[in-house]
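Undergrad: Contents of protein38.cif (mmCIF, C-alpha atoms) are below:
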```cif
data_coords
#
loop_
_atom_site.group_PDB
_atom_site.id
_atom_site.type_symbol
_atom_site.label_atom_id
_atom_site.label_comp_id
_atom_site.auth_asym_id
_atom_site.auth_seq_id
_atom_site.Cartn_x
_atom_site.Cartn_y
_atom_site.Cartn_z
ATOM 1 C CA MET A 25 -12.313 3.588 -16.140
ATOM 2 C CA PRO A 26 -9.468 1.445 -14.760
ATOM 3 C CA LYS A 27 -8.891 1.219 -11.025
ATOM 4 C CA THR A 28 -5.804 3.014 -9.698
ATOM 5 C CA ILE A 29 -3.425 1.500 -7.165
ATOM 6 C CA LEU A 30 -0.883 3.647 -5.348
ATOM 7 C CA LEU A 31 2.287 1.608 -4.654
ATOM 8 C CA VAL A 32 4.260 3.063 -1.763
ATOM 9 C CA ASP A 33 7.660 1.477 -1.132
ATOM 10 C CA ASP A 34 11.249 2.707 -1.031
ATOM 11 C CA ASP A 35 12.464 -0.453 -2.813
ATOM 12 C CA ALA A 36 12.511 0.389 -6.540
ATOM 13 C CA SER A 37 12.909 -3.210 -7.736
ATOM 14 C CA LEU A 38 9.947 -4.406 -5.641
ATOM 15 C CA ARG A 39 7.819 -1.510 -6.949
ATOM 16 C CA GLN A 40 8.746 -2.430 -10.522
ATOM 17 C CA THR A 41 7.898 -6.110 -10.004
ATOM 18 C CA LEU A 42 4.554 -5.254 -8.420
ATOM 19 C CA ARG A 43 3.777 -2.604 -11.040
ATOM 20 C CA LEU A 44 4.345 -5.041 -13.921
ATOM 21 C CA ASN A 45 2.305 -7.741 -12.190
ATOM 22 C CA LEU A 46 -0.605 -5.433 -11.357
ATOM 23 C CA GLU A 47 -0.662 -3.700 -14.740
ATOM 24 C CA GLU A 48 -1.196 -7.152 -16.283
ATOM 25 C CA GLN A 49 -4.446 -7.210 -14.284
ATOM 26 C CA GLY A 50 -5.601 -4.016 -15.993
ATOM 27 C CA VAL A 51 -5.104 -1.544 -13.154
ATOM 28 C CA LYS A 52 -3.387 1.820 -13.396
ATOM 29 C CA ILE A 53 -0.359 2.235 -11.106
ATOM 30 C CA LYS A 54 0.956 5.340 -9.369
ATOM 31 C CA GLU A 55 4.120 5.156 -7.281
ATOM 32 C CA ALA A 56 5.571 6.843 -4.218
ATOM 33 C CA THR A 57 8.923 6.144 -2.565
ATOM 34 C CA ASN A 58 8.126 7.398 0.961
ATOM 35 C CA GLY A 59 5.301 8.534 3.212
ATOM 36 C CA ASP A 60 5.535 12.196 2.202
ATOM 37 C CA GLU A 61 5.121 11.313 -1.483
ATOM 38 C CA ALA A 62 2.244 8.969 -0.603
ATOM 39 C CA ILE A 63 0.403 11.770 1.198
ATOM 40 C CA SER A 64 1.010 14.149 -1.734
ATOM 41 C CA GLU A 65 -0.467 11.561 -4.104
ATOM 42 C CA LEU A 66 -3.478 11.014 -1.811
ATOM 43 C CA GLU A 67 -4.121 14.770 -1.757
ATOM 44 C CA ARG A 68 -3.801 15.058 -5.538
ATOM 45 C CA GLU A 69 -5.945 12.124 -6.620
ATOM 46 C CA LYS A 70 -7.554 9.473 -4.443
ATOM 47 C CA PRO A 71 -6.534 5.982 -5.639
ATOM 48 C CA SER A 72 -8.857 2.970 -5.578
ATOM 49 C CA LEU A 73 -6.405 1.215 -3.240
ATOM 50 C CA MET A 74 -2.949 1.700 -1.706
ATOM 51 C CA VAL A 75 -0.227 -0.917 -1.225
ATOM 52 C CA LEU A 76 1.877 0.492 1.617
ATOM 53 C CA ASP A 77 5.284 -0.365 3.049
ATOM 54 C CA ILE A 78 5.909 0.410 6.727
ATOM 55 C CA LEU A 79 9.669 1.024 6.967
ATOM 56 C CA MET A 80 10.452 4.004 4.710
ATOM 57 C CA PRO A 81 12.446 7.244 4.856
ATOM 58 C CA LYS A 82 10.784 10.542 5.840
ATOM 59 C CA ARG A 83 7.339 9.380 6.982
ATOM 60 C CA ASP A 84 6.799 5.683 7.589
ATOM 61 C CA GLY A 85 3.692 3.664 6.809
ATOM 62 C CA TYR A 86 2.284 4.167 10.311
ATOM 63 C CA ALA A 87 2.409 7.950 9.784
ATOM 64 C CA VAL A 88 0.582 7.568 6.461
ATOM 65 C CA LEU A 89 -2.124 5.410 8.088
ATOM 66 C CA ASN A 90 -2.460 7.958 10.927
ATOM 67 C CA TYR A 91 -2.709 10.815 8.435
ATOM 68 C CA MET A 92 -5.454 9.009 6.511
ATOM 69 C CA ARG A 93 -7.351 8.217 9.686
ATOM 70 C CA GLU A 94 -7.161 11.790 11.021
ATOM 71 C CA ARG A 95 -8.497 13.167 7.740
ATOM 72 C CA SER A 96 -11.039 10.391 7.112
ATOM 73 C CA ILE A 97 -9.401 9.495 3.790
ATOM 74 C CA ASP A 98 -11.288 6.381 2.829
ATOM 75 C CA VAL A 99 -8.909 4.348 0.662
ATOM 76 C CA PRO A 100 -8.410 0.625 1.319
ATOM 77 C CA VAL A 101 -4.799 -0.086 2.348
ATOM 78 C CA VAL A 102 -2.950 -3.368 1.951
ATOM 79 C CA VAL A 103 0.286 -3.264 3.948
ATOM 80 C CA LEU A 104 3.322 -4.989 2.460
ATOM 81 C CA SER A 105 6.093 -5.080 5.040
ATOM 82 C CA SER A 106 9.250 -6.897 6.037
ATOM 83 C CA LEU A 107 8.075 -6.683 9.669
ATOM 84 C CA SER A 108 6.697 -10.127 10.365
ATOM 85 C CA ASP A 109 5.708 -9.921 14.009
ATOM 86 C CA PHE A 110 2.147 -9.942 15.258
ATOM 87 C CA LEU A 111 2.354 -6.524 16.968
ATOM 88 C CA ASN A 112 3.150 -4.651 13.750
ATOM 89 C CA ARG A 113 0.335 -6.442 11.966
ATOM 90 C CA GLU A 114 -2.117 -5.577 14.758
ATOM 91 C CA LYS A 115 -0.993 -1.940 14.836
ATOM 92 C CA CYS A 116 -1.570 -1.588 11.079
ATOM 93 C CA LEU A 117 -4.996 -3.212 11.234
ATOM 94 C CA LYS A 118 -5.974 -0.980 14.192
ATOM 95 C CA LEU A 119 -4.924 2.062 12.145
ATOM 96 C CA GLY A 120 -7.298 1.006 9.383
ATOM 97 C CA ALA A 121 -5.311 -1.243 7.037
ATOM 98 C CA LYS A 122 -7.477 -3.919 5.414
ATOM 99 C CA ASP A 123 -4.772 -6.551 5.009
ATOM 100 C CA TYR A 124 -1.126 -7.216 5.893
ATOM 101 C CA PHE A 125 1.414 -9.081 3.771
ATOM 102 C CA ILE A 126 4.939 -10.034 4.735
ATOM 103 C CA LYS A 127 7.365 -9.345 1.866
ATOM 104 C CA SER A 128 9.319 -12.572 2.328
ATOM 105 C CA ASP A 129 6.062 -14.567 1.941
ATOM 106 C CA LEU A 130 4.895 -12.595 -1.077
ATOM 107 C CA ASP A 131 2.998 -14.549 -3.675
ATOM 108 C CA GLU A 132 1.906 -12.146 -6.415
ATOM 109 C CA ASP A 133 -1.168 -14.184 -7.353
ATOM 110 C CA GLU A 134 -2.340 -14.262 -3.746
ATOM 111 C CA LEU A 135 -1.636 -10.534 -3.388
ATOM 112 C CA TRP A 136 -3.806 -9.823 -6.451
ATOM 113 C CA THR A 137 -6.589 -12.082 -5.113
ATOM 114 C CA ARG A 138 -6.609 -10.154 -1.845
ATOM 115 C CA ILE A 139 -6.351 -6.748 -3.548
ATOM 116 C CA GLN A 140 -9.389 -7.576 -5.722
ATOM 117 C CA LYS A 141 -11.503 -7.929 -2.563
ATOM 118 C CA TYR A 142 -10.969 -4.233 -1.784
ATOM 119 C CA LEU A 143 -11.085 -2.705 -5.274
#
```
So, in terms of structure tokens, how does the structure I just supplied come out?
TA:
Amino acid sequence: MPKTILLVDDDASLRQTLRLNLEEQGVKIKEATNGDEAISELEREKPSLMVLDILMPKRDGYAVLNYMRERSIDVPVVVLSSLSDFLNREKCLKLGAKDYFIKSDLDEDELWTRIQKYL
């Protein structure tokens, strides 16, 4: 059975690029455009991994990480954010994220290599 990755980002073109790239690797992709949708997806069907943006409408990525932590939802999270400062990275890792990528530095091959570690 293929692994499922939940892509959570409000940027449709970035989601499409990532979806196409990850589907080439043989994983199934689900998408959410904000934190509320991400939580709905988590409640419906637990993915193998989540790629999570921080700055989104409704609930942000921090709220999603908090929600997962409070409910002991054990899904590896790779954060993909435009926030490049150390404090945001540390906050995400403290909330349980496994890895943190900065969108402007995104290399899809490197992202896949890191994602594979947690699948």
Undergrad: Name the closest residue to Ile78 of chain A among the candidates A:Leu46, A:Ile139, A:Met25, A:Leu107; distances are taken between atoms, counting all atoms listed in the file.
TA: A:Leu107
Undergrad: Cys116 of chain A: which residues within 10 Å, counting all atoms listed in the file, same-chain residues fewer than 4 positions away excluded, as a PDB file with C-alpha atoms, in the coordinates of the input?
TA:
```pdb
ATOM      1  CA  ILE A  78       5.909   0.410   6.727  1.00  0.00           C
ATOM      2  CA  GLY A  85       3.692   3.664   6.809  1.00  0.00           C
ATOM      3  CA  TYR A  86       2.284   4.167  10.311  1.00  0.00           C
ATOM      4  CA  LEU A  89      -2.124   5.410   8.088  1.00  0.00           C
ATOM      5  CA  ASN A  90      -2.460   7.958  10.927  1.00  0.00           C
ATOM      6  CA  VAL A 101      -4.799  -0.086   2.348  1.00  0.00           C
ATOM      7  CA  VAL A 102      -2.950  -3.368   1.951  1.00  0.00           C
ATOM      8  CA  VAL A 103       0.286  -3.264   3.948  1.00  0.00           C
ATOM      9  CA  LEU A 111       2.354  -6.524  16.968  1.00  0.00           C
ATOM     10  CA  ASN A 112       3.150  -4.651  13.750  1.00  0.00           C
ATOM     11  CA  GLY A 120      -7.298   1.006   9.383  1.00  0.00           C
ATOM     12  CA  ALA A 121      -5.311  -1.243   7.037  1.00  0.00           C
ATOM     13  CA  LYS A 122      -7.477  -3.919   5.414  1.00  0.00           C
ATOM     14  CA  ASP A 123      -4.772  -6.551   5.009  1.00  0.00           C
ATOM     15  CA  TYR A 124      -1.126  -7.216   5.893  1.00  0.00           C
TER      16      TYR A 124
END
```
Undergrad: Counting only C-alpha atoms, which of A:Ile63, A:Ile126, A:Leu42, A:Leu73 gets nearest to Ile29 of chain A?
TA: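 With only C-alpha atoms as the atom set, the closest residue is A:Leu73.
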Undergrad: Can you work out which one of A:Lys70, A:Lys127, A:Lys115, A:Arg138 has the shortest atom-to-atom distance to Leu38 of chain A, counting all atoms listed in the file?
TA: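 That would be A:Lys127, the residue with the smallest distance to Leu38 of chain A.
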Undergrad: Can you measure atom CA of Thr28 of chain A to atom CA of Pro71 of chain A for me? One decimal in Å is fine.
TA: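 Calculated distance between atom CA of Thr28 of chain A and atom CA of Pro71 of chain A is 5.1 Å.
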Undergrad: If the PyMOL selection byres ((chain A and resi 136) around 12) is run on the structure shown, which residues does it catch, given as a PyMOL selection string?
TA: chain A and resi 29+42-43+45-51+73+75+102+123+125+130-135+137-143
Undergrad: For atom CA of Glu114 of chain A and atom CA of Lys54 of chain A, determine how far apart the two atoms are, in Å to one decimal place.
TA: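 These two atoms are separated by 26.7 Å.
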Undergrad: Quick one: of A:Asp129, A:Asp77, A:Leu44, A:Arg93, who's nearest to Ala62 of chain A, counting only C-alpha atoms?
TA: A:Asp77
Undergrad: Identify which of the residues A:Leu30, A:Met74, A:Asp60, A:Leu119 lies closest to Ser96 of chain A, counting all atoms listed in the file when measuring atom-to-atom distances.
TA: A:Leu119
Undergrad: In terms of the shortest atom-to-atom distance over all atoms listed in the file, which of A:Leu104, A:Ser128, A:Asp34, A:Ile97 is closest to Leu66 of chain A?
TA: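 Selected residue with least distance to Leu66 of chain A: A:Ile97.
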Undergrad: In Å, with one decimal, what is the gap from atom CA of Leu76 of chain A to atom CA of Ser105 of chain A?
TA: 7.8 Å
